[in-house]
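A.B. asks: Can you keep this structure in mind? I'll have questions shortly.
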2 protein chains.
Amino acid sequence: MISTNEYFEGNVKSLGYVTASGKSTLGVMNPGDYEFGTSQHETMRVIEGEMTVKLPESNDWNTFKAGDTFEVDANKSFLVKVSVQTSYLCQYK
Amino acid sequence: MISTNEYFEGNVKSLGYVTASGKSTLGVMNPGDYEFGTSQHETMRVIEGEMTVKLPESNDWNTFKAGDTFEVDANKSFLVKVSVQTSYLCQYK
């Protein structure tokens, strides 16, 4: 099954699927500011575009470009700013 | 705008968006055999999983794994076999 998900009034959309190493989602964000919460550890990879991120317990914003990855622990929230349509892979591992 | 598309009775789903270099779609395929037609030149990249592909005018099947890319000219058709859920990026360039 491929799940379809929408968040932030359709400004973030994702497709969910399962691989040998666990659940993944592929997503696209419209330009905007977002706060995401995690229920599991997440490894995020930017596919196209870029996102500027304030990780949990960080005071700084860091910009991640295509190919860059960052990780977020379970039960945390993080902030994301996007200025162009940006795609990502989120692996729940 | 982020477009949502479904093909092959929901066994292939994709999200469409636009980057500085043109249109892109991110997609997921369920296990199965598919024939796709192109209306523009496409550059396909496997994100997770793998796809076995018979390109236009090729007699052979080639397997593309995560990170691999292949290109298809406009107005061609190509065959894809997938044995696990497989995600891809398709850039229309």
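By order of appearance in the structure tokens: chains A, B, ..., then residues from 1 within every chain, and ligands from 1 in the order shown.
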Report as a tab-separated table the residues of chain B within 12 Å of chain A, each with its shortest atom pair and distance in Å (one decimal), using only C-alpha atoms, ordered by chain and increasing residue number.

C.D. replies:
```
residue	atom	partner	partner_atom	distance
B:Met1	CA	A:Asn30	CA	7.1
B:Ile2	CA	A:Val28	CA	7.2
B:Ser3	CA	A:Lys13	CA	8.9
B:Thr4	CA	A:Lys13	CA	8.4
B:Asn5	CA	A:Thr4	CA	10.1
B:Glu6	CA	A:Thr4	CA	10.2
B:Tyr7	CA	A:Ile2	CA	11.7
B:Glu9	CA	A:Met1	CA	11.3
B:Gly10	CA	A:Ile2	CA	7.8
B:Asn11	CA	A:Ile2	CA	7.4
B:Val12	CA	A:Ile2	CA	8.0
B:Lys13	CA	A:Ile2	CA	7.3
B:Ser14	CA	A:Leu15	CA	7.6
B:Leu15	CA	A:Val28	CA	7.3
B:Gly16	CA	A:Val28	CA	8.3
B:Tyr17	CA	A:Gln85	CA	6.8
B:Val18	CA	A:Gln85	CA	6.6
B:Thr19	CA	A:Gln85	CA	6.6
B:Ala20	CA	A:Gly49	CA	8.6
B:Ser21	CA	A:Glu48	CA	10.2
B:Gly22	CA	A:Glu48	CA	11.2
B:Lys23	CA	A:Gln85	CA	10.7
B:Ser24	CA	A:Glu48	CA	9.1
B:Thr25	CA	A:Ser87	CA	9.4
B:Leu26	CA	A:Leu26	CA	7.2
B:Gly27	CA	A:Leu15	CA	7.7
B:Val28	CA	A:Ile2	CA	7.2
B:Met29	CA	A:Ile2	CA	8.0
B:Asn30	CA	A:Met1	CA	7.1
B:Pro31	CA	A:Met1	CA	9.9
B:Arg45	CA	A:Ile47	CA	10.6
B:Val46	CA	A:Ile47	CA	11.4
B:Ile47	CA	A:Leu89	CA	8.3
B:Glu48	CA	A:Thr19	CA	7.6
B:Gly49	CA	A:Thr19	CA	7.1
B:Glu50	CA	A:Thr19	CA	10.7
B:Ala66	CA	A:Thr19	CA	11.8
B:Gly67	CA	A:Gly67	CA	10.6
B:Ser83	CA	A:Thr19	CA	11.2
B:Val84	CA	A:Thr19	CA	7.4
B:Gln85	CA	A:Thr19	CA	6.6
B:Thr86	CA	A:Thr19	CA	8.0
B:Ser87	CA	A:Leu26	CA	7.9
B:Tyr88	CA	A:Leu26	CA	9.2
B:Leu89	CA	A:Ile47	CA	8.3
B:Cys90	CA	A:Glu48	CA	11.2
B:Gln91	CA	A:Glu48	CA	10.2
```

A.B. asks: For a test of reading the model, state the distance in Å between atom CA of A:Tyr34 and atom CA of A:Val53, rounded to one decimal.

C.D. replies: 9.6 Å

A.B. asks: I want to know what sits within 9 Å of B:Asn62, based on only C-alpha atoms, with residues of the same chain fewer than 6 positions away left out; could you give that as an mmCIF file with C-alpha atoms, in the first residue's frame?

C.D. replies:
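After the write, out_39.cif holds the following:
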```cif
data_model
loop_
_atom_site.group_PDB
_atom_site.id
_atom_site.type_symbol
_atom_site.label_atom_id
_atom_site.label_comp_id
_atom_site.auth_asym_id
_atom_site.auth_seq_id
_atom_site.Cartn_x
_atom_site.Cartn_y
_atom_site.Cartn_z
ATOM 1 C CA MET B 51 13.652 -1.290 -10.688
ATOM 2 C CA THR B 52 14.429 -3.529 -13.627
ATOM 3 C CA VAL B 53 13.923 -1.571 -16.822
ATOM 4 C CA LYS B 54 13.701 -2.255 -20.531
ATOM 5 C CA LEU B 55 14.501 1.033 -22.197
#
```

A.B. asks: So the first atom is atom CA of A:Met44 and the second is atom CA of B:Phe70; what is the distance between them in Å, to one decimal place?

C.D. replies: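 Pair atom CA of A:Met44 / atom CA of B:Phe70 returns 24.2 Å.
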